[in-house]
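Accompanying notes for the structure given below.
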Amino acid sequence: MAREICRAAGIQGEPVGRQEVSRWESGKRTPREWLPFIAAALGVSVDELRQSHTLADPPLPTLADFLPDDDPLAPLNTRNGRRIGMRQVEDLQQRVHGLRLADDVIAGGDLVRPALRELRSAVRLYREGTHPGAVGRELLCQIGELAQISGWIASDAGQHAEAERIYRLGLSAARQAEDHTLAGNLAGSLAYQLSNTGREVEGLDLARAALDGAGSDPPPKARALYLDRVAWAHTKAGGAENAQHAMRALGEAGVALAQDSEGVESPAWLYWVDAGELLVMESRVYTELRRPLRAVPLLRNVLGRYDATHTRELALYLSWLAVAYADANEPEEAAATAERVISLSADVASERTAQRVRVVLTRLAPYADVPEVRAVLDRAA
């Protein structure tokens, strides 16, 4: 391509600009002065190159594509079913945990297909195999865990209706297995999605139900997680009374986490719940409540020690920092932070980050007369 463009431009000798062609291909730059020569190289008109073409992506799979129409957790009464033992359960457990670790660094749009394939395989293993009671219960627990992370991935990909169906499948599995801690996580995950997608009242009711339904003695980390989601649900519900409830829930989450010790066993899926995550939620709550003087120091503290390989989370947390700067009447800092958010989000297949970019740009709009802000808005446009 570089050779043909140089030939069209009348450049003699070795072709130049191969790196530039790569930048055009990846969308990092838009060709301008080279456009007539690209058109000549391709044998098309410049006007045709300027037209916007949207490629037809294959439709994303849905849960219905992978699971039976009737009760997906109803075992098939077959005498010749494969006998399932704890070895198969442990293998599934490792695969679920691997998917969870992958979600730390890969966005939902890129993970949703393999996640649904894993979920289908797990459900088929349960339905078509024969297993003693203890093994069956463990299988249901792994299906519940897999549904939780798959629902989270689907939600990140923007498939909210699909994520809700997946969460409810997981809830059914967790309840059949009588794993109240896992059921609380699934209900809380769904509540979090509802709160973020315009169903704040339902989200608050479900978040509180997840906390109440987890029993009187869940692991401290689990209780802290449930309370974090209650705090967020109150925050999104809005109003002064809900703001007070949110702050109270955050305080209770900190107390719950402080009770965690080496002698208390927590499920493996709680590996990521720690003081840093509670700090993240606290800073987000303060940002949503328009309290930037509290939010900014917390967010800068969190971002100063955050793993840069977790691109999606880094972009999300920076988006709250950009909003907090805007609320603090610091448009230049908000613009610089927004620039990082947009740059990080460009190559991430996450609807969460895309939505946060839209929020940041909306909050920057009142400062459009500030040159730094104007530049960010123009580039985004």
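Every chain in the structure tokens takes a letter, A first, then B, and so on in the order presented; its residues are numbered from 1, and the ligands are numbered from 1 following the presented order.
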Neighbour list for Arg29 of chain A as a list in words, cut-off 12 Å, only C-alpha atoms, skip fewer than 5 positions in-chain
Gln19, Glu20, Val21, Ser22, Arg23, Trp24, Trp34 and Arg379 of chain A
Convert the current residue selection to file output with N, CA and C atoms, as a PDB file, in the first residue's frame.
ATOM      1  N   GLN A  19       4.638   3.092   8.342  1.00  0.00           N
ATOM      2  CA  GLN A  19       4.073   3.269   9.687  1.00  0.00           C
ATOM      3  C   GLN A  19       2.822   4.140   9.645  1.00  0.00           C
ATOM      4  N   GLU A  20       2.820   5.107   8.737  1.00  0.00           N
ATOM      5  CA  GLU A  20       1.646   5.968   8.617  1.00  0.00           C
ATOM      6  C   GLU A  20       0.443   5.173   8.124  1.00  0.00           C
ATOM      7  N   VAL A  21       0.670   4.269   7.168  1.00  0.00           N
ATOM      8  CA  VAL A  21      -0.407   3.408   6.681  1.00  0.00           C
ATOM      9  C   VAL A  21      -0.958   2.563   7.822  1.00  0.00           C
ATOM     10  N   SER A  22      -0.062   2.064   8.663  1.00  0.00           N
ATOM     11  CA  SER A  22      -0.487   1.265   9.814  1.00  0.00           C
ATOM     12  C   SER A  22      -1.378   2.086  10.745  1.00  0.00           C
ATOM     13  N   ARG A  23      -1.029   3.345  10.931  1.00  0.00           N
ATOM     14  CA  ARG A  23      -1.850   4.213  11.802  1.00  0.00           C
ATOM     15  C   ARG A  23      -3.227   4.458  11.193  1.00  0.00           C
ATOM     16  N   TRP A  24      -3.278   4.581   9.861  1.00  0.00           N
ATOM     17  CA  TRP A  24      -4.596   4.733   9.219  1.00  0.00           C
ATOM     18  C   TRP A  24      -5.424   3.478   9.423  1.00  0.00           C
ATOM     19  N   TRP A  34      -2.838  12.876   2.072  1.00  0.00           N
ATOM     20  CA  TRP A  34      -2.556  11.660   1.322  1.00  0.00           C
ATOM     21  C   TRP A  34      -3.800  11.089   0.633  1.00  0.00           C
ATOM     22  N   ARG A 379     -11.933  17.003  19.092  1.00  0.00           N
ATOM     23  CA  ARG A 379     -11.343  15.715  18.712  1.00  0.00           C
ATOM     24  C   ARG A 379     -12.353  14.584  18.906  1.00  0.00           C
TER      25      ARG A 379
END
Can you tell me, as an mmCIF file with C-alpha atoms, in the first residue's frame, which residues in segment 168-271 of chain A count as helix (DSSP H, G or I) by DSSP?
data_model
loop_
_atom_site.group_PDB
_atom_site.id
_atom_site.type_symbol
_atom_site.label_atom_id
_atom_site.label_comp_id
_atom_site.auth_asym_id
_atom_site.auth_seq_id
_atom_site.Cartn_x
_atom_site.Cartn_y
_atom_site.Cartn_z
ATOM 1 C CA ARG A 168 -31.218 -15.153 36.795
ATOM 2 C CA LEU A 169 -29.974 -18.507 35.533
ATOM 3 C CA GLY A 170 -27.109 -18.254 38.010
ATOM 4 C CA LEU A 171 -29.475 -17.312 40.817
ATOM 5 C CA SER A 172 -31.503 -20.436 40.119
ATOM 6 C CA ALA A 173 -28.355 -22.577 40.245
ATOM 7 C CA ALA A 174 -27.076 -20.958 43.460
ATOM 8 C CA ARG A 175 -30.425 -21.367 45.203
ATOM 9 C CA GLN A 176 -30.686 -25.018 44.204
ATOM 10 C CA HIS A 180 -26.601 -18.118 49.890
ATOM 11 C CA THR A 181 -23.321 -16.215 49.587
ATOM 12 C CA LEU A 182 -23.140 -16.835 45.851
ATOM 13 C CA ALA A 183 -26.830 -16.030 45.416
ATOM 14 C CA GLY A 184 -26.185 -12.696 47.118
ATOM 15 C CA ASN A 185 -23.353 -11.951 44.707
ATOM 16 C CA LEU A 186 -25.530 -12.735 41.686
ATOM 17 C CA ALA A 187 -28.431 -10.651 42.980
ATOM 18 C CA GLY A 188 -26.058 -7.805 43.814
ATOM 19 C CA SER A 189 -24.490 -7.963 40.350
ATOM 20 C CA LEU A 190 -27.905 -7.689 38.734
ATOM 21 C CA ALA A 191 -28.833 -4.872 41.114
ATOM 22 C CA TYR A 192 -25.695 -2.999 40.055
ATOM 23 C CA GLN A 193 -26.697 -3.283 36.403
ATOM 24 C CA LEU A 194 -30.255 -2.155 37.106
ATOM 25 C CA SER A 195 -28.992 0.896 39.010
ATOM 26 C CA ASN A 196 -26.772 1.846 36.069
ATOM 27 C CA GLU A 200 -32.734 2.689 40.030
ATOM 28 C CA VAL A 201 -35.719 1.741 42.200
ATOM 29 C CA GLU A 202 -35.498 -1.919 41.173
ATOM 30 C CA GLY A 203 -31.746 -1.826 41.646
ATOM 31 C CA LEU A 204 -32.049 -0.487 45.184
ATOM 32 C CA ASP A 205 -34.701 -3.039 46.148
ATOM 33 C CA LEU A 206 -32.622 -5.910 44.776
ATOM 34 C CA ALA A 207 -29.361 -4.697 46.343
ATOM 35 C CA ARG A 208 -31.017 -4.548 49.750
ATOM 36 C CA ALA A 209 -32.621 -7.967 49.180
ATOM 37 C CA ALA A 210 -29.204 -9.410 48.260
ATOM 38 C CA LEU A 211 -27.800 -8.121 51.554
ATOM 39 C CA ASP A 212 -30.745 -9.370 53.608
ATOM 40 C CA GLY A 213 -30.926 -12.733 51.842
ATOM 41 C CA PRO A 220 -16.808 -10.483 55.873
ATOM 42 C CA LYS A 221 -15.606 -9.813 52.318
ATOM 43 C CA ALA A 222 -18.990 -10.858 50.909
ATOM 44 C CA ARG A 223 -20.864 -8.599 53.319
ATOM 45 C CA ALA A 224 -18.551 -5.719 52.406
ATOM 46 C CA LEU A 225 -19.300 -6.322 48.720
ATOM 47 C CA TYR A 226 -23.067 -6.444 49.297
ATOM 48 C CA LEU A 227 -22.906 -3.192 51.290
ATOM 49 C CA ASP A 228 -20.835 -1.555 48.544
ATOM 50 C CA ARG A 229 -23.583 -2.312 46.066
ATOM 51 C CA VAL A 230 -26.241 -1.051 48.445
ATOM 52 C CA ALA A 231 -24.267 2.195 48.749
ATOM 53 C CA TRP A 232 -24.109 2.546 44.971
ATOM 54 C CA ALA A 233 -27.811 1.756 44.551
ATOM 55 C CA HIS A 234 -28.732 4.469 47.079
ATOM 56 C CA THR A 235 -26.413 6.888 45.305
ATOM 57 C CA LYS A 236 -27.984 6.271 41.907
ATOM 58 C CA ALA A 237 -31.498 6.516 43.393
ATOM 59 C CA ALA A 240 -30.577 13.672 50.269
ATOM 60 C CA GLU A 241 -31.973 10.732 52.246
ATOM 61 C CA ASN A 242 -30.475 8.202 49.849
ATOM 62 C CA ALA A 243 -27.149 10.022 50.033
ATOM 63 C CA GLN A 244 -27.138 9.539 53.808
ATOM 64 C CA HIS A 245 -27.984 5.853 53.403
ATOM 65 C CA ALA A 246 -25.157 5.509 50.871
ATOM 66 C CA MET A 247 -22.597 6.967 53.249
ATOM 67 C CA ARG A 248 -23.839 4.762 56.066
ATOM 68 C CA ALA A 249 -23.544 1.654 53.868
ATOM 69 C CA LEU A 250 -19.986 2.612 52.903
ATOM 70 C CA GLY A 251 -19.067 2.889 56.577
ATOM 71 C CA GLU A 252 -20.598 -0.501 57.305
ATOM 72 C CA ALA A 253 -18.704 -2.015 54.368
ATOM 73 C CA GLY A 254 -15.435 -0.788 55.863
ATOM 74 C CA VAL A 255 -16.333 -2.281 59.239
ATOM 75 C CA ALA A 256 -17.223 -5.613 57.608
ATOM 76 C CA LEU A 257 -13.952 -5.789 55.690
ATOM 77 C CA ALA A 258 -11.976 -4.983 58.829
ATOM 78 C CA ALA A 268 -12.288 -17.766 45.770
ATOM 79 C CA TRP A 269 -14.384 -15.354 43.695
ATOM 80 C CA LEU A 270 -13.939 -12.697 46.373
#
So which bits of segment 31-188 of chain A end up strand (DSSP E) when you DSSP the backbone, as a PyMOL selection string?
chain A and resi 82-83+129-130
Limited to C-alpha atoms, could you put the picked residues into a file as a tab-separated table (two decimals), in the first residue's frame?
chain	number	residue	atom	x	y	z
A	82	ARG	CA	-21.44	-39.58	31.56
A	83	ARG	CA	-20.55	-40.05	35.22
A	129	GLY	CA	-24.18	-36.35	33.25
A	130	THR	CA	-24.90	-38.50	36.27
I want to know what sits within 12 Å of Ile166 of chain A, based on only C-alpha atoms, with residues of the same chain fewer than 2 positions away left out; could you give that as a PyMOL selection string?
chain A and resi 62-64+66-67+72+112+115-116+119-120+123+143-155+159-164+168-173+186-187+189-190
Hey, can you spit out that residue selection with C-alpha atoms as an mmCIF file, in the first residue's frame?
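Saved the output as result-v2.cif:
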data_model
loop_
_atom_site.group_PDB
_atom_site.id
_atom_site.type_symbol
_atom_site.label_atom_id
_atom_site.label_comp_id
_atom_site.auth_asym_id
_atom_site.auth_seq_id
_atom_site.Cartn_x
_atom_site.Cartn_y
_atom_site.Cartn_z
ATOM 1 C CA THR A 62 -27.573 -14.984 23.129
ATOM 2 C CA LEU A 63 -28.212 -17.333 25.996
ATOM 3 C CA ALA A 64 -31.042 -18.936 24.008
ATOM 4 C CA PHE A 66 -26.728 -22.171 23.872
ATOM 5 C CA LEU A 67 -29.349 -23.478 26.298
ATOM 6 C CA PRO A 72 -31.943 -25.226 31.460
ATOM 7 C CA VAL A 112 -18.803 -12.622 25.617
ATOM 8 C CA ALA A 115 -18.043 -16.888 28.224
ATOM 9 C CA LEU A 116 -21.323 -18.147 26.783
ATOM 10 C CA LEU A 119 -21.717 -21.550 30.309
ATOM 11 C CA ARG A 120 -23.297 -23.863 27.739
ATOM 12 C CA VAL A 123 -25.001 -26.609 31.885
ATOM 13 C CA ILE A 143 -22.660 -22.833 37.095
ATOM 14 C CA GLY A 144 -23.721 -20.017 39.411
ATOM 15 C CA GLU A 145 -20.194 -18.588 39.507
ATOM 16 C CA LEU A 146 -19.877 -18.912 35.742
ATOM 17 C CA ALA A 147 -23.226 -17.158 35.280
ATOM 18 C CA GLN A 148 -22.072 -14.313 37.518
ATOM 19 C CA ILE A 149 -18.912 -13.589 35.535
ATOM 20 C CA SER A 150 -20.673 -14.253 32.202
ATOM 21 C CA GLY A 151 -23.449 -11.851 33.168
ATOM 22 C CA TRP A 152 -20.876 -9.252 34.118
ATOM 23 C CA ILE A 153 -19.119 -9.728 30.755
ATOM 24 C CA ALA A 154 -22.396 -9.493 28.815
ATOM 25 C CA SER A 155 -23.292 -6.325 30.695
ATOM 26 C CA GLN A 159 -26.101 -6.730 26.307
ATOM 27 C CA HIS A 160 -28.118 -5.789 29.372
ATOM 28 C CA ALA A 161 -31.217 -7.897 28.715
ATOM 29 C CA GLU A 162 -29.002 -10.884 28.018
ATOM 30 C CA ALA A 163 -26.960 -10.245 31.164
ATOM 31 C CA GLU A 164 -30.156 -10.183 33.234
ATOM 32 C CA ARG A 168 -31.218 -15.153 36.795
ATOM 33 C CA LEU A 169 -29.974 -18.507 35.533
ATOM 34 C CA GLY A 170 -27.109 -18.254 38.010
ATOM 35 C CA LEU A 171 -29.475 -17.312 40.817
ATOM 36 C CA SER A 172 -31.503 -20.436 40.119
ATOM 37 C CA ALA A 173 -28.355 -22.577 40.245
ATOM 38 C CA LEU A 186 -25.530 -12.735 41.686
ATOM 39 C CA ALA A 187 -28.431 -10.651 42.980
ATOM 40 C CA SER A 189 -24.490 -7.963 40.350
ATOM 41 C CA LEU A 190 -27.905 -7.689 38.734
#
Restricting the calculation to only C-alpha atoms, which member of A:Ala157, A:Ala102, A:Ala295, A:Leu140 is positioned closest to Gln355 of chain A?
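With only C-alpha atoms as the atom set, the closest residue is A:Ala157.
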Using only C-alpha atoms, what table do you get, as CSV, when you list each residue of segment 163-281 of chain A with an atom no more than 12 Å from segment 309-324 of chain A, its nearest pair of atoms, and their distance in Å rounded to one decimal, rows by chain then rising number?
residue,atom,partner,partner_atom,distance
A:Glu277,CA,A:Glu313,CA,11.2
A:Leu279,CA,A:Tyr317,CA,11.3
A:Val280,CA,A:Tyr317,CA,7.8
A:Met281,CA,A:Tyr317,CA,9.8
Generate the output file for the selected residues, N, CA and C atoms, as a PDB file, in the first residue's frame.
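Resulting contents of again_20.pdb:
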ATOM      1  N   GLU A 277     -10.595  -1.595  46.732  1.00  0.00           N
ATOM      2  CA  GLU A 277     -11.864  -1.593  46.009  1.00  0.00           C
ATOM      3  C   GLU A 277     -12.923  -0.788  46.752  1.00  0.00           C
ATOM      4  N   LEU A 279     -12.278   1.747  48.541  1.00  0.00           N
ATOM      5  CA  LEU A 279     -11.877   3.133  48.316  1.00  0.00           C
ATOM      6  C   LEU A 279     -12.367   3.617  46.954  1.00  0.00           C
ATOM      7  N   VAL A 280     -12.303   2.726  45.967  1.00  0.00           N
ATOM      8  CA  VAL A 280     -12.809   3.068  44.637  1.00  0.00           C
ATOM      9  C   VAL A 280     -14.296   3.410  44.709  1.00  0.00           C
ATOM     10  N   MET A 281     -15.071   2.551  45.372  1.00  0.00           N
ATOM     11  CA  MET A 281     -16.504   2.801  45.459  1.00  0.00           C
ATOM     12  C   MET A 281     -16.793   4.092  46.223  1.00  0.00           C
TER      13      MET A 281
END
For Gln142 of chain A, which of A:Gly108, A:Gly239, A:Pro267, A:Pro292 is the closest residue, counting only C-alpha atoms?
A:Pro267
Which is closest to Glu128 of chain A among A:Leu303, A:Asp347, A:Gln51, A:Ala74, if we use only C-alpha atoms?
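Ranked by minimum distance to Glu128 of chain A, first place goes to A:Ala74.
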Just want the 12 Å neighbourhood of Pro132 of chain A, counted on only C-alpha atoms, with same-chain residues fewer than 3 positions away dropped. Output as a list of chain:residue names.
A:Arg83, A:Ile84, A:Gly85, A:Met86, A:Tyr126, A:Gly129, A:Val135, A:Gly136, A:Arg137, A:Glu138, A:Leu139
